[in-house]
$ cat work.json   # JSON, N, CA and C atoms
[["chain", "number", "residue", "atom", "x", "y", "z"],
["A", 1, "MET", "N", 18.59, -15.00, 4.51],
["A", 1, "MET", "CA", 18.07, -14.24, 5.63],
["A", 1, "MET", "C", 17.59, -15.21, 6.70],
["A", 2, "VAL", "N", 18.30, -15.33, 7.74],
["A", 2, "VAL", "CA", 18.00, -16.27, 8.79],
["A", 2, "VAL", "C", 16.73, -15.87, 9.52],
["A", 3, "GLY", "N", 15.83, -16.83, 9.73],
["A", 3, "GLY", "CA", 14.63, -16.59, 10.52],
["A", 3, "GLY", "C", 13.48, -15.96, 9.75],
["A", 4, "ARG", "N", 13.60, -15.78, 8.45],
["A", 4, "ARG", "CA", 12.53, -15.20, 7.67],
["A", 4, "ARG", "C", 12.05, -16.20, 6.64],
["A", 5, "ILE", "N", 10.79, -16.07, 6.28],
["A", 5, "ILE", "CA", 10.21, -16.98, 5.30],
["A", 5, "ILE", "C", 10.70, -16.59, 3.92],
["A", 6, "LYS", "N", 11.29, -17.54, 3.20],
["A", 6, "LYS", "CA", 11.92, -17.26, 1.92],
["A", 6, "LYS", "C", 10.95, -16.68, 0.90],
["A", 7, "ASP", "N", 9.77, -17.28, 0.73],
["A", 7, "ASP", "CA", 8.83, -16.87, -0.29],
["A", 7, "ASP", "C", 7.88, -15.77, 0.16],
["A", 8, "PHE", "N", 8.09, -15.20, 1.33],
["A", 8, "PHE", "CA", 7.18, -14.19, 1.86],
["A", 8, "PHE", "C", 7.10, -12.96, 0.97],
["A", 9, "TYR", "N", 8.21, -12.59, 0.36],
["A", 9, "TYR", "CA", 8.28, -11.34, -0.39],
["A", 9, "TYR", "C", 7.44, -11.38, -1.67],
["A", 10, "THR", "N", 7.19, -12.56, -2.21],
["A", 10, "THR", "CA", 6.41, -12.66, -3.44],
["A", 10, "THR", "C", 4.99, -13.13, -3.17],
["A", 11, "TYR", "N", 4.65, -13.39, -1.92],
["A", 11, "TYR", "CA", 3.34, -13.91, -1.58],
["A", 11, "TYR", "C", 2.31, -12.79, -1.54],
["A", 12, "LYS", "N", 1.26, -12.92, -2.34],
["A", 12, "LYS", "CA", 0.17, -11.95, -2.34],
["A", 12, "LYS", "C", -1.07, -12.63, -1.78],
["A", 13, "THR", "N", -1.78, -11.94, -0.93],
["A", 13, "THR", "CA", -2.96, -12.53, -0.32],
["A", 13, "THR", "C", -4.04, -11.48, -0.10],
["A", 14, "THR", "N", -5.25, -11.95, 0.01],
["A", 14, "THR", "CA", -6.36, -11.07, 0.40],
["A", 14, "THR", "C", -6.92, -11.52, 1.74],
["A", 15, "ASP", "N", -6.11, -12.25, 2.52],
["A", 15, "ASP", "CA", -6.56, -12.77, 3.80],
["A", 15, "ASP", "C", -6.43, -11.74, 4.91],
["A", 16, "PHE", "N", -7.08, -10.63, 4.78],
["A", 16, "PHE", "CA", -7.19, -9.66, 5.85],
["A", 16, "PHE", "C", -8.66, -9.30, 5.97],
["A", 17, "CYS", "N", -9.01, -8.57, 6.97],
["A", 17, "CYS", "CA", -10.43, -8.34, 7.26],
["A", 17, "CYS", "C", -10.81, -6.88, 7.07],
["A", 18, "PRO", "N", -11.10, -6.46, 5.85],
["A", 18, "PRO", "CA", -11.59, -5.10, 5.70],
["A", 18, "PRO", "C", -13.00, -4.98, 6.25],
["A", 19, "ASN", "N", -13.31, -3.86, 6.85],
["A", 19, "ASN", "CA", -14.63, -3.65, 7.42],
["A", 19, "ASN", "C", -15.33, -2.55, 6.64],
["A", 20, "LYS", "N", -16.35, -2.92, 5.89],
["A", 20, "LYS", "CA", -17.11, -1.94, 5.12],
["A", 20, "LYS", "C", -18.44, -1.62, 5.78],
["A", 21, "GLY", "N", -18.67, -2.17, 6.93],
["A", 21, "GLY", "CA", -19.96, -2.03, 7.58],
["A", 21, "GLY", "C", -20.30, -0.62, 7.99],
["A", 22, "GLY", "N", -21.35, -0.07, 7.40],
["A", 22, "GLY", "CA", -21.91, 1.19, 7.84],
["A", 22, "GLY", "C", -21.23, 2.46, 7.35],
["A", 23, "ASP", "N", -20.02, 2.38, 6.83],
["A", 23, "ASP", "CA", -19.33, 3.60, 6.39],
["A", 23, "ASP", "C", -19.35, 3.68, 4.87],
["A", 24, "PRO", "N", -20.16, 4.58, 4.30],
["A", 24, "PRO", "CA", -20.25, 4.66, 2.84],
["A", 24, "PRO", "C", -19.05, 5.34, 2.20],
["A", 25, "ASN", "N", -18.15, 5.91, 2.98],
["A", 25, "ASN", "CA", -17.03, 6.68, 2.44],
["A", 25, "ASN", "C", -15.76, 5.87, 2.22],
["A", 26, "GLY", "N", -15.72, 4.64, 2.67],
["A", 26, "GLY", "CA", -14.48, 3.90, 2.48],
["A", 26, "GLY", "C", -14.45, 2.59, 3.21],
["A", 27, "THR", "N", -13.26, 2.06, 3.35],
["A", 27, "THR", "CA", -13.04, 0.77, 3.98],
["A", 27, "THR", "C", -12.03, 0.94, 5.11],
["A", 28, "VAL", "N", -12.26, 0.24, 6.19],
["A", 28, "VAL", "CA", -11.37, 0.28, 7.34],
["A", 28, "VAL", "C", -10.71, -1.09, 7.47],
["A", 29, "VAL", "N", -9.40, -1.10, 7.66],
["A", 29, "VAL", "CA", -8.67, -2.35, 7.90],
["A", 29, "VAL", "C", -8.08, -2.26, 9.29],
["A", 30, "TYR", "N", -8.40, -3.20, 10.14],
["A", 30, "TYR", "CA", -7.92, -3.20, 11.52],
["A", 30, "TYR", "C", -6.65, -4.02, 11.65],
["A", 31, "PHE", "N", -5.65, -3.45, 12.30],
["A", 31, "PHE", "CA", -4.41, -4.14, 12.64],
["A", 31, "PHE", "C", -4.24, -4.08, 14.15],
["A", 32, "ALA", "N", -3.32, -4.86, 14.66],
["A", 32, "ALA", "CA", -3.00, -4.80, 16.08],
["A", 32, "ALA", "C", -2.47, -3.41, 16.41],
["A", 33, "GLY", "N", -2.69, -2.97, 17.62],
["A", 33, "GLY", "CA", -2.31, -1.62, 18.03],
["A", 33, "GLY", "C", -0.83, -1.33, 17.91],
["A", 34, "THR", "N", 0.00, -2.37, 17.89],
["A", 34, "THR", "CA", 1.44, -2.17, 17.83],
["A", 34, "THR", "C", 1.99, -2.21, 16.40],
["A", 35, "PHE", "N", 1.13, -2.43, 15.41],
["A", 35, "PHE", "CA", 1.59, -2.58, 14.03],
["A", 35, "PHE", "C", 2.32, -1.33, 13.54],
["A", 36, "GLY", "N", 1.71, -0.17, 13.69],
["A", 36, "GLY", "CA", 2.32, 1.08, 13.24],
["A", 36, "GLY", "C", 3.60, 1.40, 14.01],
["A", 37, "LYS", "N", 3.59, 1.17, 15.30],
["A", 37, "LYS", "CA", 4.78, 1.43, 16.12],
["A", 37, "LYS", "C", 5.93, 0.52, 15.71],
["A", 38, "THR", "N", 5.61, -0.73, 15.38],
["A", 38, "THR", "CA", 6.64, -1.67, 14.95],
["A", 38, "THR", "C", 7.25, -1.25, 13.62],
["A", 39, "ILE", "N", 6.41, -0.82, 12.68],
["A", 39, "ILE", "CA", 6.94, -0.33, 11.40],
["A", 39, "ILE", "C", 7.84, 0.88, 11.63],
["A", 40, "SER", "N", 7.39, 1.79, 12.46],
["A", 40, "SER", "CA", 8.15, 3.00, 12.73],
["A", 40, "SER", "C", 9.49, 2.70, 13.41],
["A", 41, "SER", "N", 9.48, 1.77, 14.35],
["A", 41, "SER", "CA", 10.69, 1.50, 15.13],
["A", 41, "SER", "C", 11.67, 0.55, 14.45],
["A", 42, "PHE", "N", 11.13, -0.51, 13.80],
["A", 42, "PHE", "CA", 12.02, -1.57, 13.33],
["A", 42, "PHE", "C", 12.06, -1.73, 11.81],
["A", 43, "ARG", "N", 11.06, -1.19, 11.09],
["A", 43, "ARG", "CA", 11.03, -1.19, 9.64],
["A", 43, "ARG", "C", 11.21, -2.59, 9.04],
["A", 44, "PHE", "N", 10.46, -3.57, 9.56],
["A", 44, "PHE", "CA", 10.50, -4.93, 9.03],
["A", 44, "PHE", "C", 9.97, -4.95, 7.60],
["A", 45, "VAL", "N", 10.71, -5.60, 6.72],
["A", 45, "VAL", "CA", 10.30, -5.71, 5.32],
["A", 45, "VAL", "C", 8.96, -6.43, 5.21],
["A", 46, "GLU", "N", 8.73, -7.42, 6.06],
["A", 46, "GLU", "CA", 7.49, -8.17, 6.03],
["A", 46, "GLU", "C", 6.27, -7.28, 6.32],
["A", 47, "TYR", "N", 6.43, -6.34, 7.24],
["A", 47, "TYR", "CA", 5.32, -5.45, 7.57],
["A", 47, "TYR", "C", 4.99, -4.53, 6.42],
["A", 48, "PHE", "N", 6.03, -4.06, 5.72],
["A", 48, "PHE", "CA", 5.79, -3.23, 4.53],
["A", 48, "PHE", "C", 5.11, -4.05, 3.44],
["A", 49, "THR", "N", 5.45, -5.33, 3.33],
["A", 49, "THR", "CA", 4.80, -6.21, 2.36],
["A", 49, "THR", "C", 3.33, -6.39, 2.70],
["A", 50, "ILE", "N", 3.01, -6.51, 3.97],
["A", 50, "ILE", "CA", 1.61, -6.61, 4.39],
["A", 50, "ILE", "C", 0.86, -5.35, 4.00],
["A", 51, "MET", "N", 1.45, -4.19, 4.26],
["A", 51, "MET", "CA", 0.80, -2.92, 3.90],
["A", 51, "MET", "C", 0.64, -2.81, 2.38],
["A", 52, "GLU", "N", 1.63, -3.24, 1.63],
["A", 52, "GLU", "CA", 1.54, -3.22, 0.17],
["A", 52, "GLU", "C", 0.39, -4.10, -0.32],
["A", 53, "ASN", "N", 0.26, -5.29, 0.27],
["A", 53, "ASN", "CA", -0.82, -6.19, -0.11],
["A", 53, "ASN", "C", -2.18, -5.58, 0.17],
["A", 54, "VAL", "N", -2.34, -4.96, 1.33],
["A", 54, "VAL", "CA", -3.61, -4.33, 1.68],
["A", 54, "VAL", "C", -3.94, -3.20, 0.71],
["A", 55, "CYS", "N", -2.96, -2.36, 0.43],
["A", 55, "CYS", "CA", -3.19, -1.24, -0.49],
["A", 55, "CYS", "C", -3.50, -1.74, -1.90],
["A", 56, "ASP", "N", -2.81, -2.78, -2.34],
["A", 56, "ASP", "CA", -3.07, -3.35, -3.67],
["A", 56, "ASP", "C", -4.48, -3.92, -3.77],
["A", 57, "CYS", "N", -4.93, -4.55, -2.71],
["A", 57, "CYS", "CA", -6.25, -5.18, -2.74],
["A", 57, "CYS", "C", -7.39, -4.18, -2.66],
["A", 58, "LEU", "N", -7.15, -3.04, -2.03],
["A", 58, "LEU", "CA", -8.22, -2.07, -1.81],
["A", 58, "LEU", "C", -8.20, -0.88, -2.78],
["A", 59, "SER", "N", -7.26, -0.88, -3.72],
["A", 59, "SER", "CA", -7.18, 0.26, -4.63],
["A", 59, "SER", "C", -7.15, -0.20, -6.08],
["A", 60, "LEU", "N", -7.46, 0.72, -6.96],
["A", 60, "LEU", "CA", -7.38, 0.45, -8.39],
["A", 60, "LEU", "C", -6.04, 0.93, -8.89],
["A", 61, "GLN", "N", -5.44, 0.17, -9.79],
["A", 61, "GLN", "CA", -4.14, 0.54, -10.33],
["A", 61, "GLN", "C", -4.34, 1.12, -11.72],
["A", 62, "TYR", "N", -4.24, 2.43, -11.81],
["A", 62, "TYR", "CA", -4.43, 3.12, -13.08],
["A", 62, "TYR", "C", -3.14, 3.20, -13.90],
["A", 63, "VAL", "N", -2.00, 3.22, -13.21],
["A", 63, "VAL", "CA", -0.72, 3.39, -13.90],
["A", 63, "VAL", "C", 0.24, 2.33, -13.40],
["A", 64, "SER", "N", 0.98, 1.74, -14.32],
["A", 64, "SER", "CA", 2.01, 0.78, -13.96],
["A", 64, "SER", "C", 3.30, 1.17, -14.68],
["A", 65, "ILE", "N", 4.40, 1.26, -13.94],
["A", 65, "ILE", "CA", 5.69, 1.66, -14.50],
["A", 65, "ILE", "C", 6.70, 0.59, -14.14],
["A", 66, "GLU", "N", 7.42, 0.11, -15.15],
["A", 66, "GLU", "CA", 8.43, -0.92, -14.92],
["A", 66, "GLU", "C", 9.80, -0.43, -15.39],
["A", 67, "ASN", "N", 10.82, -0.84, -14.69],
["A", 67, "ASN", "CA", 12.22, -0.60, -15.07],
["A", 67, "ASN", "C", 12.55, 0.88, -15.26],
["A", 68, "SER", "N", 12.08, 1.71, -14.38],
["A", 68, "SER", "CA", 12.41, 3.13, -14.43],
["A", 68, "SER", "C", 13.34, 3.46, -13.28],
["A", 69, "LYS", "N", 14.43, 4.12, -13.59],
["A", 69, "LYS", "CA", 15.39, 4.47, -12.54],
["A", 69, "LYS", "C", 14.96, 5.70, -11.75],
["A", 70, "SER", "N", 14.16, 6.55, -12.37],
["A", 70, "SER", "CA", 13.67, 7.72, -11.65],
["A", 70, "SER", "C", 12.30, 8.12, -12.21],
["A", 71, "ILE", "N", 11.51, 8.71, -11.35],
["A", 71, "ILE", "CA", 10.19, 9.19, -11.74],
["A", 71, "ILE", "C", 9.84, 10.40, -10.87],
["A", 72, "GLU", "N", 9.22, 11.37, -11.49],
["A", 72, "GLU", "CA", 8.73, 12.54, -10.76],
["A", 72, "GLU", "C", 7.21, 12.53, -10.84],
["A", 73, "ILE", "N", 6.56, 12.78, -9.72],
["A", 73, "ILE", "CA", 5.11, 12.78, -9.66],
["A", 73, "ILE", "C", 4.63, 14.11, -9.10],
["A", 74, "PHE", "N", 3.70, 14.73, -9.81],
["A", 74, "PHE", "CA", 3.11, 15.99, -9.35],
["A", 74, "PHE", "C", 1.60, 15.85, -9.36],
["A", 75, "LEU", "N", 0.95, 16.27, -8.30],
["A", 75, "LEU", "CA", -0.51, 16.27, -8.22],
["A", 75, "LEU", "C", -0.96, 17.72, -8.11],
["A", 76, "ARG", "N", -1.82, 18.13, -9.02],
["A", 76, "ARG", "CA", -2.34, 19.50, -9.03],
["A", 76, "ARG", "C", -3.87, 19.45, -9.00],
["A", 77, "LYS", "N", -4.47, 20.49, -8.44],
["A", 77, "LYS", "CA", -5.92, 20.59, -8.38],
["A", 77, "LYS", "C", -6.35, 21.92, -8.98],
["A", 78, "LYS", "N", -7.33, 21.84, -9.87],
["A", 78, "LYS", "CA", -7.91, 23.05, -10.44],
["A", 78, "LYS", "C", -9.42, 22.89, -10.35],
["A", 79, "GLY", "N", -10.03, 23.68, -9.47],
["A", 79, "GLY", "CA", -11.46, 23.53, -9.23],
["A", 79, "GLY", "C", -11.75, 22.17, -8.60],
["A", 80, "ASN", "N", -12.63, 21.40, -9.21],
["A", 80, "ASN", "CA", -12.95, 20.06, -8.72],
["A", 80, "ASN", "C", -12.20, 18.97, -9.47],
["A", 81, "THR", "N", -11.20, 19.35, -10.26],
["A", 81, "THR", "CA", -10.46, 18.39, -11.08],
["A", 81, "THR", "C", -9.04, 18.24, -10.56],
["A", 82, "PHE", "N", -8.57, 17.01, -10.49],
["A", 82, "PHE", "CA", -7.19, 16.72, -10.11],
["A", 82, "PHE", "C", -6.40, 16.31, -11.35],
["A", 83, "PHE", "N", -5.15, 16.75, -11.43],
["A", 83, "PHE", "CA", -4.25, 16.39, -12.52],
["A", 83, "PHE", "C", -3.03, 15.70, -11.91],
["A", 84, "LEU", "N", -2.70, 14.53, -12.42],
["A", 84, "LEU", "CA", -1.53, 13.80, -11.97],
["A", 84, "LEU", "C", -0.51, 13.77, -13.11],
["A", 85, "TYR", "N", 0.65, 14.36, -12.87],
["A", 85, "TYR", "CA", 1.69, 14.42, -13.89],
["A", 85, "TYR", "C", 2.77, 13.40, -13.54],
["A", 86, "LEU", "N", 3.11, 12.51, -14.45],
["A", 86, "LEU", "CA", 4.17, 11.53, -14.28],
["A", 86, "LEU", "C", 5.28, 11.86, -15.27],
["A", 87, "ILE", "N", 6.48, 12.11, -14.78],
["A", 87, "ILE", "CA", 7.62, 12.40, -15.64],
["A", 87, "ILE", "C", 8.63, 11.29, -15.44],
["A", 88, "ILE", "N", 8.84, 10.52, -16.51],
["A", 88, "ILE", "CA", 9.70, 9.34, -16.43],
["A", 88, "ILE", "C", 10.98, 9.58, -17.21]]
$ encode --input "work.json" --output "structure tokens"
Amino acid sequence: MVGRIKDFYTYKTTDFCPNKGGDPNGTVVYFAGTFGKTISSFRFVEYFTIMENVCDCLSLQYVSIENSKSIEIFLRKKGNTFFLYLII
């Protein structure tokens, strides 16, 4: 791939700036104003990798699935309880 960094796809980093100041409900990550528009218009693999890294760093991974050709996911709510169904 001409013009792209070879090892970029496997590079994981936490070098972004989450802002937890003052908001008890979550974390805010600031990107340049054109980041979303660029993903929408050009779908650069590198930008999706950046988003994957941010999501991985800010979330807990409860389920890990490897080597599955297909998976169905259903989320249901009953009262105050959520049920996540994974069909592999």
$ atom_distance --input "work.json" --atom1 "CA of Val54 (chain A)" --atom2 "CA of Gly33 (chain A)"
16.6 Å
$ residues_near_point --input "work.json" --point "(9.4, 9.1, -19.1)" --cutoff "8 Å" --atoms "all atoms listed in the file" --output "number ranges by chain"
A: 70-72, 86-88
$ select_by_dssp --input "work.json" --residues "region 28-57 of chain A" --states "alpha helix (DSSP H)" --output "PyMOL selection string"
chain A and resi 35-42+45-57
$ atom_distance --input "work.json" --atom1 "atom N of Phe83 (chain A)" --atom2 "atom N of Thr27 (chain A)"
22.4 Å
$ atom_distance --input "work.json" --atom1 "atom N of Phe74 (chain A)" --atom2 "atom N of Phe42 (chain A)"
29.1 Å
